[in-house]
Every structure is written in structure tokens, then in C-alpha cells.
file upload.txt (compact mmCIF, C-alpha atoms and all ligand atoms)
# COMPACT_ATOMS: atom_id res chain seq x y z
CA MET A 1 6.60 17.85 18.44
CA LYS A 2 7.92 18.30 14.93
CA ALA A 3 5.50 17.48 12.11
CA VAL A 4 5.14 17.79 8.39
CA ARG A 5 1.96 19.70 7.59
CA ILE A 6 0.26 21.07 4.52
CA HIS A 7 -1.66 24.32 4.88
CA GLN A 8 -2.70 24.31 1.23
CA PHE A 9 -2.72 21.78 -1.61
CA GLY A 10 -0.03 21.87 -4.29
CA GLY A 11 3.51 20.79 -5.18
CA PRO A 12 6.29 19.68 -2.80
CA GLU A 13 6.73 23.34 -1.73
CA VAL A 14 3.48 23.18 0.34
CA LEU A 15 5.07 20.63 2.70
CA THR A 16 6.23 22.44 5.83
CA TYR A 17 8.31 20.96 8.65
CA GLU A 18 7.15 22.73 11.77
CA GLU A 19 6.43 22.68 15.50
CA VAL A 20 2.91 21.56 16.48
CA PRO A 21 1.33 20.70 19.89
CA ASP A 22 1.93 17.14 21.15
CA PRO A 23 -1.14 14.90 20.80
CA LYS A 24 -2.74 13.66 24.05
CA PRO A 25 -4.06 10.07 24.15
CA ARG A 26 -7.73 9.63 25.09
CA LYS A 27 -8.58 7.03 27.72
CA ASP A 28 -8.97 4.33 25.03
CA GLN A 29 -5.85 5.32 23.09
CA VAL A 30 -2.10 4.83 23.22
CA LEU A 31 0.55 7.40 22.37
CA VAL A 32 3.17 6.13 19.92
CA ARG A 33 6.58 7.72 19.32
CA ILE A 34 7.06 7.36 15.59
CA ARG A 35 10.43 5.93 14.51
CA ALA A 36 9.62 5.42 10.83
CA CYS A 37 6.78 6.29 8.48
CA ALA A 38 6.78 4.88 4.95
CA MET A 39 5.49 6.84 1.96
CA ASN A 40 2.79 5.69 -0.41
CA HIS A 41 1.52 7.13 -3.66
CA LEU A 42 -1.44 8.34 -1.60
CA ASP A 43 0.89 10.90 0.02
CA LEU A 44 1.22 12.62 -3.35
CA TRP A 45 -2.55 12.65 -3.94
CA VAL A 46 -3.15 14.03 -0.44
CA ARG A 47 -0.61 16.82 -1.03
CA LYS A 48 -2.18 17.71 -4.38
CA GLY A 49 -5.67 17.74 -2.82
CA LEU A 50 -8.36 15.15 -2.07
CA PRO A 51 -11.91 15.70 -0.81
CA GLY A 52 -12.42 15.27 2.95
CA ILE A 53 -9.04 16.63 4.05
CA ASN A 54 -9.15 19.39 6.67
CA LEU A 55 -6.20 21.79 6.54
CA PRO A 56 -3.71 22.02 8.07
CA HIS A 57 -3.10 18.32 7.65
CA ILE A 58 -0.38 15.79 8.57
CA PRO A 59 0.11 13.15 5.82
CA GLY A 60 1.67 9.68 6.20
CA SER A 61 0.05 6.24 6.52
CA ASP A 62 2.58 3.55 7.47
CA ILE A 63 3.81 3.97 11.04
CA ALA A 64 6.24 1.98 13.16
CA GLY A 65 7.37 3.13 16.59
CA GLU A 66 7.30 2.65 20.34
CA ILE A 67 4.47 3.07 22.83
CA VAL A 68 5.25 5.94 25.21
CA GLU A 69 1.97 6.48 27.07
CA LEU A 70 -1.20 4.49 27.76
CA GLY A 71 -4.74 5.81 28.13
CA GLU A 72 -6.51 4.97 31.39
CA TYR A 73 -8.49 2.03 29.90
CA ILE A 74 -5.51 0.33 28.27
CA THR A 75 -3.99 -2.54 30.22
CA ASP A 76 -2.62 -4.92 27.59
CA PHE A 77 0.28 -2.81 26.31
CA LYS A 78 3.27 -1.35 28.08
CA PRO A 79 5.50 1.68 27.50
CA GLY A 80 8.54 0.88 25.36
CA GLN A 81 6.74 -1.81 23.36
CA ARG A 82 7.64 -1.82 19.64
CA VAL A 83 4.58 -1.67 17.40
CA ILE A 84 3.14 -0.83 14.04
CA VAL A 85 -0.02 1.21 13.69
CA ALA A 86 -2.66 -0.22 11.34
CA PRO A 87 -2.74 2.22 8.40
CA MET A 88 -6.47 2.87 8.67
CA HIS A 89 -9.16 4.64 10.63
CA PHE A 90 -12.61 3.14 11.30
CA CYS A 91 -15.41 3.56 13.87
CA ASN A 92 -15.06 0.06 15.43
CA ARG A 93 -18.79 0.09 16.35
CA CYS A 94 -20.90 -0.16 13.17
CA PRO A 95 -22.23 -3.49 11.78
CA LYS A 96 -19.39 -3.62 9.21
CA CYS A 97 -16.69 -3.01 11.81
CA VAL A 98 -18.01 -5.50 14.36
CA GLY A 99 -18.45 -7.96 11.48
CA GLY A 100 -14.74 -7.60 10.72
CA LEU A 101 -15.20 -5.62 7.50
CA GLN A 102 -13.48 -2.44 8.66
CA ASN A 103 -12.69 -1.34 5.10
CA GLN A 104 -16.44 -1.11 4.40
CA CYS A 105 -17.13 1.13 7.43
CA ARG A 106 -18.72 4.45 6.46
CA GLN A 107 -16.05 6.25 8.48
CA PHE A 108 -13.23 4.22 6.93
CA THR A 109 -10.27 6.17 5.69
CA VAL A 110 -6.57 5.56 5.30
CA LEU A 111 -4.47 7.02 8.09
CA GLY A 112 -3.03 10.29 6.77
CA ASN A 113 -5.87 10.74 4.27
CA ALA A 114 -9.01 12.17 5.91
CA VAL A 115 -7.38 12.00 9.37
CA ASP A 116 -3.93 13.17 10.46
CA GLY A 117 -1.16 10.67 9.79
CA GLY A 118 2.37 9.77 10.75
CA ASP A 119 4.75 12.30 9.21
CA CYS A 120 5.49 13.56 12.72
CA GLU A 121 7.03 12.46 16.02
CA LEU A 122 4.00 11.37 18.07
CA ILE A 123 0.52 10.02 17.33
CA ALA A 124 -2.39 9.05 19.58
CA VAL A 125 -4.35 6.09 18.17
CA PRO A 126 -7.00 3.64 19.42
CA ALA A 127 -5.46 0.55 21.03
CA VAL A 128 -7.28 -1.62 18.47
CA SER A 129 -5.00 -0.16 15.75
CA VAL A 130 -1.74 -1.09 17.47
CA ILE A 131 0.06 -4.35 16.67
CA PRO A 132 3.28 -5.50 18.42
CA ILE A 133 6.22 -6.41 16.15
CA PRO A 134 9.06 -8.91 16.69
CA ASP A 135 12.56 -7.67 17.53
CA ALA A 136 13.92 -9.08 14.28
CA LEU A 137 12.00 -6.48 12.29
CA ASP A 138 13.57 -3.01 12.44
CA PHE A 139 11.39 0.11 12.37
CA ASN A 140 12.08 0.91 8.72
CA GLN A 141 11.15 -2.61 7.66
CA ALA A 142 8.06 -2.60 9.88
CA ALA A 143 6.85 0.72 8.46
CA SER A 144 7.27 -0.63 4.93
CA VAL A 145 4.89 -3.51 5.42
CA SER A 146 1.37 -2.60 6.42
CA LEU A 147 -0.35 -0.67 3.65
CA VAL A 148 1.07 -2.41 0.60
CA PHE A 149 1.09 -5.96 1.94
CA LEU A 150 -2.45 -5.54 3.30
CA THR A 151 -3.61 -4.09 -0.02
CA ALA A 152 -1.98 -6.84 -2.08
CA TRP A 153 -3.19 -9.58 0.31
CA HIS A 154 -6.81 -8.36 0.16
CA MET A 155 -6.64 -8.10 -3.65
CA LEU A 156 -5.24 -11.59 -4.19
CA THR A 157 -6.97 -13.53 -1.41
CA GLY A 158 -10.05 -11.56 -0.30
CA ARG A 159 -11.09 -10.36 -3.74
CA ALA A 160 -9.58 -12.57 -6.46
CA ALA A 161 -9.56 -15.77 -4.32
CA ILE A 162 -6.19 -16.89 -5.70
CA ARG A 163 -5.64 -20.64 -5.95
CA PRO A 164 -2.35 -22.58 -6.16
CA GLY A 165 -0.96 -22.86 -9.67
CA GLN A 166 -2.80 -19.92 -11.21
CA THR A 167 -1.08 -17.43 -13.47
CA VAL A 168 -1.06 -13.84 -12.22
CA LEU A 169 -0.11 -10.65 -14.06
CA ILE A 170 1.13 -7.95 -11.65
CA LEU A 171 1.54 -4.43 -13.03
CA GLY A 172 4.49 -2.33 -11.86
CA ALA A 173 6.91 -4.62 -10.01
CA ASN A 174 8.74 -1.62 -8.55
CA SER A 175 5.66 -0.21 -6.79
CA GLY A 176 4.98 -1.09 -3.18
CA VAL A 177 1.85 -3.05 -4.08
CA GLY A 178 3.64 -4.73 -6.99
CA SER A 179 6.62 -5.91 -4.94
CA ALA A 180 4.25 -7.24 -2.25
CA ALA A 181 1.90 -8.92 -4.72
CA ILE A 182 4.77 -10.78 -6.44
CA GLN A 183 5.79 -12.32 -3.12
CA ILE A 184 2.23 -13.18 -2.06
CA ALA A 185 1.43 -14.77 -5.44
CA ARG A 186 4.59 -16.88 -5.09
CA LEU A 187 3.47 -17.90 -1.60
CA PHE A 188 0.42 -19.41 -3.35
CA HIS A 189 2.70 -21.16 -5.87
CA ALA A 190 1.31 -19.02 -8.66
CA ARG A 191 3.15 -18.36 -11.91
CA VAL A 192 4.00 -14.65 -11.83
CA ILE A 193 4.26 -12.33 -14.82
CA THR A 194 5.11 -8.74 -13.94
CA THR A 195 6.08 -5.49 -15.68
CA ALA A 196 8.86 -2.97 -15.11
CA GLY A 197 10.28 0.03 -16.94
CA ASP A 198 14.03 -0.62 -17.13
CA ASP A 199 16.66 -3.37 -16.89
CA ARG A 200 17.51 -2.70 -13.24
CA LYS A 201 13.87 -2.93 -12.13
CA MET A 202 13.34 -6.03 -14.29
CA GLU A 203 16.27 -7.73 -12.55
CA ARG A 204 14.94 -6.79 -9.10
CA ALA A 205 11.54 -8.20 -10.06
CA ARG A 206 13.14 -11.55 -10.93
CA GLU A 207 14.99 -11.54 -7.60
CA LEU A 208 11.63 -11.11 -5.83
CA GLY A 209 10.35 -14.24 -7.52
CA ALA A 210 8.72 -13.15 -10.78
CA ASP A 211 8.87 -15.87 -13.45
CA TYR A 212 8.54 -13.46 -16.39
CA VAL A 213 9.15 -9.71 -16.59
CA ILE A 214 7.75 -7.55 -19.38
CA ASN A 215 9.30 -4.14 -20.18
CA HIS A 216 6.12 -2.05 -20.27
CA TYR A 217 7.78 0.74 -22.25
CA GLN A 218 9.19 -1.47 -25.01
CA GLN A 219 6.81 -4.42 -25.19
CA LYS A 220 3.05 -4.73 -25.63
CA ILE A 221 1.86 -6.29 -22.38
CA SER A 222 -1.10 -8.32 -23.70
CA GLN A 223 0.95 -9.66 -26.61
CA GLU A 224 3.79 -10.77 -24.33
CA VAL A 225 1.25 -12.38 -21.97
CA ARG A 226 -0.20 -14.31 -24.93
CA ASN A 227 3.31 -15.49 -25.87
CA ILE A 228 4.17 -16.56 -22.32
CA THR A 229 0.84 -18.35 -21.74
CA HIS A 230 0.66 -19.88 -25.23
CA GLY A 231 -2.36 -17.79 -26.13
CA GLU A 232 -4.30 -18.60 -22.98
CA GLY A 233 -4.08 -15.41 -20.90
CA VAL A 234 -3.84 -15.04 -17.12
CA ASP A 235 -6.25 -15.95 -14.32
CA ILE A 236 -5.75 -12.74 -12.34
CA VAL A 237 -4.47 -9.24 -13.10
CA ILE A 238 -3.34 -6.98 -10.26
CA GLU A 239 -3.95 -3.40 -11.48
CA HIS A 240 -3.13 -0.07 -9.84
CA VAL A 241 -1.77 1.93 -12.76
CA GLY A 242 -5.02 2.96 -14.45
CA PRO A 243 -5.52 4.40 -17.95
CA ALA A 244 -1.90 3.84 -19.08
CA THR A 245 -2.26 0.05 -18.79
CA PHE A 246 -5.93 -0.79 -18.14
CA ASP A 247 -6.87 -1.87 -21.67
CA GLU A 248 -3.76 -4.05 -21.92
CA SER A 249 -4.57 -5.53 -18.51
CA VAL A 250 -8.12 -6.46 -19.55
CA ARG A 251 -6.83 -7.98 -22.81
CA SER A 252 -4.37 -10.14 -20.87
CA LEU A 253 -7.13 -12.05 -19.04
CA LYS A 254 -8.17 -15.56 -20.00
CA PRO A 255 -11.92 -16.28 -20.35
CA GLY A 256 -13.44 -16.15 -16.87
CA GLY A 257 -10.43 -14.22 -15.57
CA THR A 258 -10.45 -11.60 -12.82
CA LEU A 259 -8.96 -8.13 -12.79
CA VAL A 260 -8.59 -6.46 -9.39
CA THR A 261 -7.73 -2.78 -9.15
CA CYS A 262 -6.69 -0.77 -6.11
CA GLY A 263 -5.53 2.44 -7.71
CA ALA A 264 -5.33 4.81 -10.62
CA THR A 265 -1.85 6.29 -10.59
CA THR A 266 -2.03 7.55 -14.17
CA GLY A 267 -5.51 9.09 -13.88
CA PRO A 268 -9.10 8.38 -12.80
CA LYS A 269 -10.87 7.46 -16.06
CA THR A 270 -10.43 4.75 -18.64
CA GLU A 271 -12.28 3.16 -21.54
CA LEU A 272 -13.60 -0.38 -21.39
CA GLU A 273 -14.25 -2.68 -24.35
CA LEU A 274 -17.64 -4.02 -23.24
CA ARG A 275 -17.66 -6.82 -25.82
CA PHE A 276 -14.51 -8.17 -24.20
CA LEU A 277 -16.07 -7.97 -20.75
CA PHE A 278 -19.20 -9.98 -21.52
CA SER A 279 -18.01 -12.37 -24.19
CA ARG A 280 -15.04 -13.49 -22.09
CA GLN A 281 -17.11 -13.44 -18.90
CA LEU A 282 -14.53 -11.36 -17.08
CA SER A 283 -14.76 -10.09 -13.51
CA LEU A 284 -13.58 -6.55 -12.78
CA LEU A 285 -13.22 -5.99 -9.03
CA GLY A 286 -12.39 -2.97 -6.93
CA SER A 287 -10.29 -3.33 -3.81
CA TYR A 288 -9.50 -0.84 -1.07
CA MET A 289 -7.02 -1.65 1.68
CA GLY A 290 -8.23 -4.68 3.68
CA THR A 291 -9.61 -5.80 7.04
CA MET A 292 -7.85 -5.94 10.40
CA SER A 293 -8.11 -9.73 10.27
CA GLU A 294 -6.32 -9.75 6.90
CA LEU A 295 -3.67 -7.40 8.29
CA TYR A 296 -2.93 -9.82 11.13
CA GLU A 297 -2.91 -12.69 8.63
CA VAL A 298 -0.40 -11.13 6.23
CA LEU A 299 1.76 -9.79 9.07
CA GLY A 300 2.06 -13.38 10.33
CA HIS A 301 3.82 -14.26 7.07
CA VAL A 302 6.05 -11.17 7.32
CA PHE A 303 6.99 -11.92 10.94
CA ALA A 304 7.83 -15.52 9.92
CA GLY A 305 10.12 -14.23 7.15
CA ARG A 306 8.05 -15.64 4.27
CA LEU A 307 7.24 -12.15 2.97
CA LYS A 308 9.88 -9.41 3.01
CA PRO A 309 9.44 -5.64 2.98
CA VAL A 310 11.34 -3.99 0.14
CA ILE A 311 12.99 -0.69 1.07
CA ASP A 312 14.36 1.64 -1.57
CA ARG A 313 15.58 4.65 0.38
CA ILE A 314 15.35 6.36 3.76
CA PHE A 315 15.01 10.14 4.17
CA PRO A 316 15.08 12.24 7.36
CA LEU A 317 11.54 13.56 7.94
CA LYS A 318 12.78 17.14 7.65
CA ASP A 319 13.77 16.39 4.03
CA ILE A 320 10.13 15.70 3.19
CA ARG A 321 10.15 17.82 0.02
CA ALA A 322 13.11 15.89 -1.42
CA ALA A 323 11.34 12.62 -0.56
CA HIS A 324 8.19 13.69 -2.43
CA GLU A 325 10.23 14.85 -5.43
CA TYR A 326 12.07 11.52 -5.43
CA MET A 327 8.81 9.54 -5.37
CA GLU A 328 7.35 11.61 -8.21
CA LYS A 329 10.27 10.58 -10.43
CA SER A 330 9.22 6.90 -9.97
CA GLN A 331 12.84 5.76 -9.86
CA MET A 332 12.32 3.73 -6.69
CA PHE A 333 11.99 0.00 -6.27
CA GLY A 334 9.99 -0.58 -3.10
CA LYS A 335 9.32 1.76 -0.21
CA ILE A 336 10.56 5.22 0.63
CA VAL A 337 10.76 5.63 4.40
CA LEU A 338 10.86 8.81 6.50
CA ASN A 339 12.66 8.94 9.87
CA PRO A 340 11.58 11.65 12.37
ZN ZN B 401 -17.44 1.16 11.40

call {"tool": "encode", "arguments": {"input": "upload.txt", "output": "C-alpha cells", "more": "lines below"}}
Ligand SMILES: [Zn+2]
result
Amino acid sequence: MKAVRIHQFGGPEVLTYEEVPDPKPRKDQVLVRIRACAMNHLDLWVRKGLPGINLPHIPGSDIAGEIVELGEYITDFKPGQRVIVAPMHFCNRCPKCVGGLQNQCRQFTVLGNAVDGGDCELIAVPAVSVIPIPDALDFNQAASVSLVFLTAWHMLTGRAAIRPGQTVLILGANSGVGSAAIQIARLFHARVITTAGDDRKMERARELGADYVINHYQQKISQEVRNITHGEGVDIVIEHVGPATFDESVRSLKPGGTLVTCGATTGPKTELELRFLFSRQLSLLGSYMGTMSELYEVLGHVFAGRLKPVIDRIFPLKDIRAAHEYMEKSQMFGKIVLNP
């Protein structure tokens, strides 16, 4: 099959489009022909180098495709079935996994991070990772759903325990997580404040359901939040940007408020005003992906049309370098999808 592989870490030039052996499904696996694989910011980190990656490596986390072959033990799927592949790898045996907390498994990793991913034509995966999709959802839409909607769902429901009527600040409306979180917060009848970097992205954010949009290059986020909330602050902040916005995010919280972070796009370290943390009794929570149960839950809303994947642009898989360069410019609104 054709696959994108990296043989060394570095810039877009280390991405090679090449012939590799077809994967063979084990007895407990299915073989999926990949029709679409969506990009995530993780793809850039993987290419630049993360611990735990064995080279050569196939990146790519968000897979949609068709089942082409079943392992001997698999009886509840059939060839030709349209599916998505859960964007994660876990042991499925440890106390965390059998307790339904797959994202706390010691072997947990995102597909395409410490294990080979979906920037290729075929992948063999455990049957437990495969979820059928309705005909109404095309492959590009289906590939654009899993990672970001699962991440945003776990942050808002599993971690921050969102309640109807709360006010939520969502950083970066144009990011995959941002565009998913806006829709999920609206599903809970929350008041949504979000941020974007230009007029076009601000308009798109309003179309997705944001009540207020702050231009994070021209306006001071915490000050605008104070104006919008009449000095009160927000109940929940959805963070994934990191040092560029973290202090502003913390300052936007009301007393007793909760910040949830799932990423650090602008760098790994930040300062924290401890007096703010204790005197306002804030909660700062980490969040990483979500559980299989949460994935099924959020997909139910997507399949019913209540949550919609946002696609920015589709690239042929062989143009992988151009796709990475495009993502690094951060001009997108929503997902970048690769088609093998
Ligand atoms: Zn496990």
C-alpha cells in the first residue's frame, strides 16, 4: 500500500509518500481501507518529534473507511461496512480499560502517536475500535469528527461537568477543538464566548453558534470577558493554546470557575498567578482525549445532526507536505482532511 512515513523528525520535508507492505489483520482485528484521514495539531508535533515514537512511523489519527477483511474471531462486522476508527490505542484488559476509562490506561496513546496511524491506504485495528457510521455522513465528514469532538465532549462534560445556562469561554474558534466545543456548549444551552484572529474567522464562529467573539490579536481577552459578563467572569474556560493565552484564560474565570486544558499549541510551559488560583478558588483541570463510552455518546449527536463536523480543506494524501505547511500557517477554520 501507499503510506506517508517519517524516517526522521523535522520539517515537512521529512514526510515521504512511499510503498510499504500491506498490514495483515490478527484474528481479533479488522482490516480497514482508509478513505479519509483528518489532520490534527498532533500530526505536527509527531513530525517534529515526540518521545515514544519508533521510526519509521505513519502519522494520522482520524480515520474513516470501509472494512475489507475480518479476522477469524470477528463475526459482527461485514466487508464493505462504512466505519470510523476510534482515534486511540489502549490495552482493553487493564482495570482502567475494563472500567471504561480507556484514556487512563497505561498503554493509552492516540492513534498515529506512539502507534502507526492512518496516513495510508490500509490499517488493521482491534474490532473494539471500529464504529459503523450512517450513510448520510460522507467519509471526509466522518474523519473530521472523532478526535476533536471526543476531546471537546470529555472536557466539557466529563471534566468540567457543564450545566445548562453556564457561560463558557472557548479559545480559538477556528481550531478543531474550538469549533466542536462551541457546538457542544450550545447543545447545553450555554452562553458561548470565543476568540478568533480575523474577521472571516470571527464570522464563522458566530455561524457556529458563538454569542460573542473576541479578536485575540486586537482585544484583551479577560477585559472583553469582564465587559460581556458585567464583571462576573465565566464558569468554564476551554484552553488548548497554552502560554500565549493561559494567563488571560485564568483571569477570565469567575470565582469557583473551572479551566480545562487539552493542549499547549504555543509551548509547554506557562506562569500561574497562585494568588488568583487560591483566592478565587479556581479549578485547573487537565484533559486528554476521552473514553470509548464518551465517543459513542458524542457520535450519537453527530449522527443525529445536532453536531456538525467542520471541514476546511481536503488534500490528496500524496500532497502531505503541502497539507502540513497549510496547517502550520493556521489559516484554516475546522479540519484538514487527507484522501488516500
Ligand atoms: Zn488498559

call {"tool": "atom_distance", "arguments": {"input": "upload.txt", "atom1": "CA of Pro87 in chain A", "atom2": "CA of Glu69 in chain A"}}
result
19.7 Å

call {"tool": "closest_residue", "arguments": {"input": "upload.txt", "among": "A:Tyr73, A:Phe139, A:Phe303, A:Phe278", "to": "Ile34 in chain A", "atoms": "only C-alpha atoms"}}
result
A:Phe139

call {"tool": "atom_distance", "arguments": {"input": "upload.txt", "atom1": "CA of Glu121 in chain A", "atom2": "CA of Tyr17 in chain A"}}
result
11.3 Å

call {"tool": "residues_near_ligand", "arguments": {"input": "upload.txt", "ligand": "ligand ZN 401 (chain B)", "cutoff": "12 Å", "atoms": "all atoms listed in the file", "output": "ChimeraX atom specification"}}
result
/A:88-109,291-292

call {"tool": "closest_residue", "arguments": {"input": "upload.txt", "among": "A:Glu325, A:Glu66, A:Glu248, A:Asp135", "to": "His216 in chain A", "atoms": "all atoms listed in the file"}}
result
A:Glu248

call {"tool": "residues_around", "arguments": {"input": "upload.txt", "residues": "range 2-8 of chain A", "least_positions_apart": "4", "cutoff": "7 Å", "atoms": "all atoms listed in the file", "output": "list in words"}}
result
Val14, Leu15, Thr16, Tyr17, Glu18, Glu19, Val20, Leu55, Pro56, His57, Ile58, Asp119, Cys120 and Glu121 of chain A

call {"tool": "write_last_selection", "arguments": {"input": "upload.txt", "atoms": "C-alpha atoms", "output": "PDB file, in the frame of the given file"}}
result
ATOM      1  CA  VAL A  14       3.480  23.180   0.340  1.00  0.00           C
ATOM      2  CA  LEU A  15       5.070  20.630   2.700  1.00  0.00           C
ATOM      3  CA  THR A  16       6.230  22.440   5.830  1.00  0.00           C
ATOM      4  CA  TYR A  17       8.310  20.960   8.650  1.00  0.00           C
ATOM      5  CA  GLU A  18       7.150  22.730  11.770  1.00  0.00           C
ATOM      6  CA  GLU A  19       6.430  22.680  15.500  1.00  0.00           C
ATOM      7  CA  VAL A  20       2.910  21.560  16.480  1.00  0.00           C
ATOM      8  CA  LEU A  55      -6.200  21.790   6.540  1.00  0.00           C
ATOM      9  CA  PRO A  56      -3.710  22.020   8.070  1.00  0.00           C
ATOM     10  CA  HIS A  57      -3.100  18.320   7.650  1.00  0.00           C
ATOM     11  CA  ILE A  58      -0.380  15.790   8.570  1.00  0.00           C
ATOM     12  CA  ASP A 119       4.750  12.300   9.210  1.00  0.00           C
ATOM     13  CA  CYS A 120       5.490  13.560  12.720  1.00  0.00           C
ATOM     14  CA  GLU A 121       7.030  12.460  16.020  1.00  0.00           C
TER      15      GLU A 121
END

call {"tool": "closest_atom_pairs", "arguments": {"input": "upload.txt", "of": "range 123-218 of chain A", "to": "range 307-319 of chain A", "cutoff": "8 Å", "atoms": "all atoms listed in the file", "output": "Markdown table"}}
result
| residue | atom | partner | partner_atom | distance |
| --- | --- | --- | --- | --- |
| A:Asn140 | CA | A:Ile311 | CA | 7.9 |
| A:Gln141 | CA | A:Pro309 | CA | 5.8 |
| A:Ala142 | CA | A:Pro309 | CA | 7.7 |
| A:Ser144 | CA | A:Pro309 | CA | 5.8 |
| A:Val145 | CA | A:Pro309 | CA | 5.6 |
| A:Gly176 | CA | A:Val310 | CA | 7.7 |
| A:Ser179 | CA | A:Val310 | CA | 7.2 |
| A:Ala180 | CA | A:Pro309 | CA | 7.5 |
| A:Gln183 | CA | A:Leu307 | CA | 6.3 |
| A:Ile184 | CA | A:Leu307 | CA | 7.2 |
